[in-house]
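K.L.:
Pasting a structure below so you can have a look.
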Amino acid sequence: MQIITIGIDLAKTVFQVHGVCADGSVAFNKPLRRAQMLPFFAMLEPCLIGMEACGSSHHWARELTRLGHEVKLMPPSYVKPYVKRGKSDAIDAAAVCEAVTRPTMRFVAIKSEEQQAMLCQHRVRQALVSQRTQLANMIRGLLSEFGIVMPTGVQHLREFAASMQVGELLDIPEMAEDVIASLCDQFLALDGRIDVLEKAIFATAKTDARIDLLRSIPGIGPITASAMVATIGSGQQFRSGRDFAAWIGLTPINKSSGGKETLGRITRMGDQYLRHLLVIGMTSRVRRA
(Lines give C-alpha, C1' and ligand atoms only; values in the text may rest on other atoms or scores of the structure.)
Protein backbone atom coordinates (compact mmCIF):
# COMPACT_ATOMS: atom_id res chain seq x y z
CA MET A 1 0.00 0.00 0.00
CA GLN A 2 1.23 3.49 -0.84
CA ILE A 3 2.77 5.53 1.96
CA ILE A 4 1.09 8.93 2.22
CA THR A 5 2.65 10.53 5.32
CA ILE A 6 6.09 10.36 6.89
CA GLY A 7 7.36 11.94 10.10
CA ILE A 8 11.10 12.45 10.55
CA ASP A 9 12.87 12.94 13.87
CA LEU A 10 15.96 14.84 12.75
CA ALA A 11 19.42 14.22 14.18
CA LYS A 12 23.08 14.62 13.28
CA THR A 13 23.81 11.03 12.29
CA VAL A 14 20.87 8.66 12.90
CA PHE A 15 17.39 9.80 11.79
CA GLN A 16 14.14 8.12 12.78
CA VAL A 17 11.43 7.88 10.08
CA HIS A 18 7.79 6.92 10.70
CA GLY A 19 5.62 6.11 7.67
CA VAL A 20 1.84 5.75 7.54
CA CYS A 21 -0.30 4.26 4.74
CA ALA A 22 -3.61 5.55 3.41
CA ASP A 23 -5.64 3.30 5.74
CA GLY A 24 -3.79 4.64 8.80
CA SER A 25 -1.62 1.58 9.34
CA VAL A 26 2.06 2.02 10.20
CA ALA A 27 4.27 1.02 7.28
CA PHE A 28 7.57 1.45 9.11
CA ASN A 29 9.24 3.18 12.03
CA LYS A 30 12.94 2.70 11.63
CA PRO A 31 16.28 4.52 11.92
CA LEU A 32 18.24 5.73 8.91
CA ARG A 33 21.82 6.87 8.86
CA ARG A 34 22.64 10.17 7.22
CA ALA A 35 23.99 8.59 4.03
CA GLN A 36 20.80 6.51 3.66
CA MET A 37 18.35 9.41 3.83
CA LEU A 38 18.26 10.68 0.24
CA PRO A 39 18.47 7.22 -1.44
CA PHE A 40 15.61 5.98 0.76
CA PHE A 41 13.28 8.90 -0.07
CA ALA A 42 14.27 8.83 -3.75
CA MET A 43 12.73 5.35 -3.99
CA LEU A 44 9.39 6.43 -2.48
CA GLU A 45 6.42 7.87 -4.29
CA PRO A 46 5.82 11.58 -3.56
CA CYS A 47 4.20 11.97 -0.15
CA LEU A 48 3.71 14.41 2.74
CA ILE A 49 6.76 14.69 5.01
CA GLY A 50 6.70 16.43 8.38
CA MET A 51 9.68 17.65 10.39
CA GLU A 52 10.27 19.91 13.36
CA ALA A 53 11.78 23.30 12.51
CA CYS A 54 15.25 22.98 14.03
CA GLY A 55 18.89 22.86 13.06
CA SER A 56 19.40 21.45 9.53
CA SER A 57 15.62 21.14 8.97
CA HIS A 58 15.57 23.72 6.17
CA HIS A 59 18.42 21.91 4.41
CA TRP A 60 16.60 18.57 4.51
CA ALA A 61 13.33 20.24 3.49
CA ARG A 62 14.98 21.62 0.35
CA GLU A 63 16.62 18.29 -0.47
CA LEU A 64 13.41 16.27 -0.05
CA THR A 65 11.39 18.85 -1.99
CA ARG A 66 13.74 18.38 -4.94
CA LEU A 67 12.81 14.68 -4.86
CA GLY A 68 9.16 15.60 -5.39
CA HIS A 69 7.88 15.29 -1.83
CA GLU A 70 5.73 17.87 -0.02
CA VAL A 71 7.67 18.93 3.06
CA LYS A 72 6.21 20.86 5.98
CA LEU A 73 8.12 22.21 8.99
CA MET A 74 6.43 22.70 12.35
CA PRO A 75 7.45 24.50 15.57
CA PRO A 76 8.63 21.88 18.09
CA SER A 77 6.27 23.29 20.75
CA TYR A 78 3.30 22.51 18.47
CA VAL A 79 4.45 18.91 17.99
CA LYS A 80 4.98 18.19 21.69
CA PRO A 81 1.25 17.63 22.53
CA TYR A 82 1.22 14.68 20.10
CA VAL A 83 4.07 12.86 21.88
CA LYS A 84 2.77 9.79 23.69
CA ARG A 85 4.09 8.53 27.01
CA GLY A 86 7.81 7.99 27.13
CA LYS A 87 10.67 9.55 25.21
CA SER A 88 12.39 7.90 22.28
CA ASP A 89 13.21 8.68 18.67
CA ALA A 90 10.48 6.30 17.48
CA ILE A 91 7.85 8.03 19.63
CA ASP A 92 9.01 11.48 18.47
CA ALA A 93 8.87 10.48 14.80
CA ALA A 94 5.34 9.12 15.27
CA ALA A 95 4.30 12.39 16.93
CA VAL A 96 5.69 14.41 14.02
CA CYS A 97 3.81 12.19 11.56
CA GLU A 98 0.57 12.71 13.48
CA ALA A 99 1.02 16.47 13.91
CA VAL A 100 1.70 17.23 10.24
CA THR A 101 -1.73 15.91 9.25
CA ARG A 102 -3.69 18.14 11.65
CA PRO A 103 -5.82 20.72 9.77
CA THR A 104 -5.18 23.44 12.37
CA MET A 105 -1.41 22.94 12.49
CA ARG A 106 0.76 25.98 11.80
CA PHE A 107 3.82 25.58 9.66
CA VAL A 108 7.19 27.28 9.21
CA ALA A 109 8.14 28.56 5.77
CA ILE A 110 11.15 26.76 4.29
CA LYS A 111 14.14 29.08 3.96
CA SER A 112 16.18 29.21 0.76
CA GLU A 113 19.96 28.92 0.74
CA GLU A 114 20.18 32.66 0.02
CA GLN A 115 18.08 33.44 3.09
CA GLN A 116 20.25 31.26 5.28
CA ALA A 117 23.40 32.85 3.85
CA MET A 118 22.03 36.28 4.81
CA LEU A 119 21.16 34.97 8.26
CA CYS A 120 24.77 33.80 8.67
CA GLN A 121 25.87 37.42 8.34
CA HIS A 122 23.34 38.57 10.93
CA ARG A 123 24.04 35.78 13.42
CA VAL A 124 27.80 36.36 13.29
CA ARG A 125 27.30 40.12 13.58
CA GLN A 126 25.02 39.58 16.58
CA ALA A 127 27.64 37.39 18.27
CA LEU A 128 30.46 39.87 17.58
CA VAL A 129 28.41 42.81 18.89
CA SER A 130 27.73 40.82 22.07
CA GLN A 131 31.45 40.09 22.46
CA ARG A 132 32.29 43.76 21.84
CA THR A 133 29.80 44.81 24.53
CA GLN A 134 31.35 42.30 26.92
CA LEU A 135 34.82 43.68 26.26
CA ALA A 136 33.63 47.27 26.59
CA ASN A 137 32.07 46.52 29.98
CA MET A 138 35.25 44.81 31.13
CA ILE A 139 37.43 47.75 30.07
CA ARG A 140 35.10 50.24 31.78
CA GLY A 141 35.03 48.13 34.93
CA LEU A 142 38.82 47.81 35.12
CA LEU A 143 39.31 51.53 34.54
CA SER A 144 36.79 52.41 37.23
CA GLU A 145 38.91 50.51 39.75
CA PHE A 146 41.52 53.23 39.27
CA GLY A 147 39.08 56.13 39.31
CA ILE A 148 38.79 56.51 35.53
CA VAL A 149 35.16 56.76 34.41
CA MET A 150 34.52 56.42 30.69
CA PRO A 151 31.56 58.23 29.05
CA THR A 152 28.83 55.92 27.79
CA GLY A 153 28.69 54.99 24.12
CA VAL A 154 30.76 52.80 21.82
CA GLN A 155 32.34 55.77 20.07
CA HIS A 156 33.99 57.04 23.28
CA LEU A 157 35.47 53.63 23.98
CA ARG A 158 36.57 53.34 20.35
CA GLU A 159 38.48 56.61 20.65
CA PHE A 160 40.02 55.52 23.96
CA ALA A 161 41.14 52.19 22.49
CA ALA A 162 42.67 53.96 19.48
CA SER A 163 44.61 56.29 21.80
CA MET A 164 45.94 53.28 23.71
CA GLN A 165 47.14 51.76 20.45
CA VAL A 166 49.24 54.83 19.62
CA GLY A 167 50.97 54.62 23.00
CA GLU A 168 49.06 57.03 25.22
CA LEU A 169 49.91 56.27 28.85
CA LEU A 170 47.54 56.11 31.80
CA ASP A 171 48.27 57.07 35.38
CA ILE A 172 47.83 53.50 36.58
CA PRO A 173 50.21 50.62 37.40
CA GLU A 174 52.04 49.24 34.36
CA MET A 175 50.69 45.74 34.96
CA ALA A 176 47.09 46.94 34.70
CA GLU A 177 47.88 49.19 31.75
CA ASP A 178 49.26 46.25 29.76
CA VAL A 179 46.10 44.23 30.38
CA ILE A 180 43.81 47.13 29.38
CA ALA A 181 45.89 47.81 26.26
CA SER A 182 45.50 44.16 25.24
CA LEU A 183 41.73 44.39 25.72
CA CYS A 184 41.65 47.57 23.65
CA ASP A 185 43.44 45.81 20.78
CA GLN A 186 40.87 43.02 20.94
CA PHE A 187 38.04 45.58 21.07
CA LEU A 188 39.25 47.36 17.93
CA ALA A 189 39.73 44.06 16.10
CA LEU A 190 36.13 43.07 16.88
CA ASP A 191 34.92 46.53 15.90
CA GLY A 192 36.65 46.17 12.53
CA ARG A 193 35.08 42.77 11.88
CA ILE A 194 31.63 44.16 12.71
CA ASP A 195 32.22 47.02 10.28
CA VAL A 196 33.15 44.57 7.50
CA LEU A 197 29.99 42.53 8.11
CA GLU A 198 27.78 45.62 8.15
CA LYS A 199 29.25 46.78 4.83
CA ALA A 200 28.49 43.35 3.35
CA ILE A 201 24.89 43.58 4.63
CA PHE A 202 24.55 47.09 3.16
CA ALA A 203 25.88 45.86 -0.19
CA THR A 204 23.30 43.06 -0.28
CA ALA A 205 20.56 45.50 0.69
CA LYS A 206 21.27 47.62 -2.39
CA THR A 207 20.67 44.69 -4.75
CA ASP A 208 17.46 43.25 -3.23
CA ALA A 209 14.17 44.91 -4.17
CA ARG A 210 12.39 43.45 -1.11
CA ILE A 211 14.92 45.03 1.24
CA ASP A 212 14.67 48.32 -0.62
CA LEU A 213 10.87 48.25 -0.22
CA LEU A 214 11.06 47.53 3.51
CA ARG A 215 13.51 50.40 4.00
CA SER A 216 10.78 52.80 2.88
CA ILE A 217 9.03 52.09 6.23
CA PRO A 218 9.99 54.70 8.87
CA GLY A 219 12.32 53.24 11.50
CA ILE A 220 13.57 50.35 9.36
CA GLY A 221 17.11 50.56 8.07
CA PRO A 222 19.16 48.21 5.88
CA ILE A 223 20.14 45.86 8.73
CA THR A 224 16.57 45.41 10.00
CA ALA A 225 15.19 45.08 6.46
CA SER A 226 17.84 42.52 5.56
CA ALA A 227 17.12 40.53 8.73
CA MET A 228 13.38 40.53 7.94
CA VAL A 229 13.90 39.24 4.40
CA ALA A 230 16.36 36.61 5.60
CA THR A 231 14.01 35.45 8.35
CA ILE A 232 10.54 35.52 6.73
CA GLY A 233 11.28 35.66 3.00
CA SER A 234 8.27 36.94 1.05
CA GLY A 235 6.05 36.99 4.15
CA GLN A 236 3.24 35.19 2.33
CA GLN A 237 2.91 32.76 5.24
CA PHE A 238 1.23 35.56 7.23
CA ARG A 239 -2.37 36.51 6.46
CA SER A 240 -1.97 40.01 7.92
CA GLY A 241 0.42 42.33 9.70
CA ARG A 242 -1.06 41.26 13.03
CA ASP A 243 -0.19 37.64 12.30
CA PHE A 244 3.42 38.72 11.79
CA ALA A 245 3.30 40.79 15.00
CA ALA A 246 2.00 37.75 16.90
CA TRP A 247 4.69 35.53 15.40
CA ILE A 248 7.45 37.97 16.37
CA GLY A 249 6.07 38.29 19.91
CA LEU A 250 4.80 41.89 19.77
CA THR A 251 1.20 41.13 20.76
CA PRO A 252 -0.13 40.74 24.33
CA ILE A 253 -0.65 37.39 26.01
CA ASN A 254 -4.30 36.41 25.86
CA LYS A 255 -5.53 35.07 29.22
CA SER A 256 -9.25 35.50 28.58
CA SER A 257 -11.74 33.12 30.19
CA GLY A 258 -15.44 33.01 31.08
CA GLY A 259 -16.31 35.74 28.62
CA LYS A 260 -13.92 38.20 30.28
CA GLU A 261 -11.11 39.48 28.06
CA THR A 262 -7.76 39.72 29.85
CA LEU A 263 -4.60 40.75 28.03
CA GLY A 264 -1.13 40.65 29.59
CA ARG A 265 2.31 41.83 28.55
CA ILE A 266 3.72 41.14 25.10
CA THR A 267 4.57 37.48 24.61
CA ARG A 268 8.20 37.96 23.50
CA MET A 269 7.98 34.77 21.47
CA GLY A 270 9.51 34.24 18.04
CA ASP A 271 12.82 35.53 16.70
CA GLN A 272 14.42 37.59 19.48
CA TYR A 273 17.02 39.17 17.20
CA LEU A 274 14.46 40.44 14.70
CA ARG A 275 12.16 41.70 17.48
CA HIS A 276 15.13 43.48 19.07
CA LEU A 277 15.95 45.27 15.80
CA LEU A 278 12.31 46.30 15.26
CA VAL A 279 11.93 47.64 18.78
CA ILE A 280 15.18 49.64 18.54
CA GLY A 281 14.16 51.06 15.17
CA MET A 282 10.71 52.12 16.32
CA THR A 283 12.10 53.54 19.59
CA SER A 284 14.62 55.71 17.73
CA ARG A 285 11.86 56.83 15.39
CA VAL A 286 9.61 57.87 18.29
CA ARG A 287 12.42 59.74 20.01
CA ARG A 288 13.22 61.72 16.87
CA ALA A 289 9.55 62.64 16.34
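Here's how to read the names in the C-alpha coordinates: chain A, B, ... by the order shown, residue numbers from 1 in each chain, ligand numbers from 1 in the order shown.
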Identify all residues of region 115-279 of chain A in strand (DSSP E or B) (DSSP on the backbone) and supply them as a list in words.
P.N.:
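Restricting region 115-279 of chain A to strand (DSSP E or B) produces Pro252, Ile253, Asn254, Ser257, Lys260, Leu263, Gly264, Arg265 and Ile266 of chain A.
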K.L.:
If we count only C-alpha atoms and set the cut-off at 9 Å, which residues sit around Leu157 (chain A), ignoring sequence neighbours fewer than 4 positions away in its own chain? Please answer as a ChimeraX atom specification.
P.N.:
/A:136,139-140,150-153,161-162,184,187
K.L.:
So that I can see what lies close to Met138 (chain A), please list as JSON, numbers by chain the residues with an atom at most 12 Å from it, counting only C-alpha atoms and leaving out residues fewer than 4 positions away in the same chain.
P.N.:
{"A": [131, 132, 133, 134, 142, 143, 144, 145, 150, 157, 179, 180, 182, 183, 184, 186, 187]}
K.L.:
In Å, how far is it from CA of Ile248 (chain A) to CA of Leu64 (chain A)?
P.N.:
27.9 Å
K.L.:
Using only C-alpha atoms, what table do you get, as JSON lines, when you list each residue of region 82-156 of chain A with an atom no more than 12 Å from region 231-243 of chain A, its nearest pair of atoms, and their distance in Å rounded to one decimal, rows by chain then rising number?
P.N.:
{"residue": "A:Arg106", "atom": "CA", "partner": "A:Gln237", "partner_atom": "CA", "distance": 9.7}
{"residue": "A:Phe107", "atom": "CA", "partner": "A:Gln237", "partner_atom": "CA", "distance": 8.5}
{"residue": "A:Val108", "atom": "CA", "partner": "A:Gln237", "partner_atom": "CA", "distance": 8.0}
{"residue": "A:Ala109", "atom": "CA", "partner": "A:Gln237", "partner_atom": "CA", "distance": 6.7}
{"residue": "A:Ile110", "atom": "CA", "partner": "A:Gly233", "partner_atom": "CA", "distance": 9.0}
{"residue": "A:Lys111", "atom": "CA", "partner": "A:Gly233", "partner_atom": "CA", "distance": 7.2}
{"residue": "A:Ser112", "atom": "CA", "partner": "A:Gly233", "partner_atom": "CA", "distance": 8.4}
{"residue": "A:Glu113", "atom": "CA", "partner": "A:Gly233", "partner_atom": "CA", "distance": 11.2}
{"residue": "A:Glu114", "atom": "CA", "partner": "A:Gly233", "partner_atom": "CA", "distance": 9.9}
{"residue": "A:Gln115", "atom": "CA", "partner": "A:Thr231", "partner_atom": "CA", "distance": 6.9}
{"residue": "A:Gln116", "atom": "CA", "partner": "A:Thr231", "partner_atom": "CA", "distance": 8.1}
{"residue": "A:Ala117", "atom": "CA", "partner": "A:Thr231", "partner_atom": "CA", "distance": 10.7}
{"residue": "A:Met118", "atom": "CA", "partner": "A:Thr231", "partner_atom": "CA", "distance": 8.8}
{"residue": "A:Leu119", "atom": "CA", "partner": "A:Thr231", "partner_atom": "CA", "distance": 7.2}
{"residue": "A:Cys120", "atom": "CA", "partner": "A:Thr231", "partner_atom": "CA", "distance": 10.9}
{"residue": "A:His122", "atom": "CA", "partner": "A:Thr231", "partner_atom": "CA", "distance": 10.2}
{"residue": "A:Arg123", "atom": "CA", "partner": "A:Thr231", "partner_atom": "CA", "distance": 11.2}
K.L.:
Set the distance at 12 Å and use only C-alpha atoms: which residues neighbour Glu98 (chain A) once local chain neighbours fewer than 2 positions away are removed? I'd like the list as a PyMOL selection string.
P.N.:
chain A and resi 4-8+18-20+24+26+48-51+74+78-84+91-96+100-103+105
K.L.:
What is the CA of Glu159 (chain A) to CA of Val286 (chain A) distance in Å?
P.N.:
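Between CA of Glu159 (chain A) and CA of Val286 (chain A) the gap works out to 29.0 Å.
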K.L.:
Determine which residues of region 27-272 of chain A DSSP labels as helix (DSSP H, G or I) from the backbone of this structure, then write them out as a PyMOL selection string.
P.N.:
chain A and resi 34-42+57-66+76-82+89-99+113-144+154-165+174-207+209-214+222-232+241-248+272
K.L.:
Figure out the distance between CA of Trp247 (chain A) and CA of Ile266 (chain A), please, to one decimal in Å.
P.N.:
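Separation of CA of Ile266 (chain A) and CA of Trp247 (chain A): 11.2 Å.
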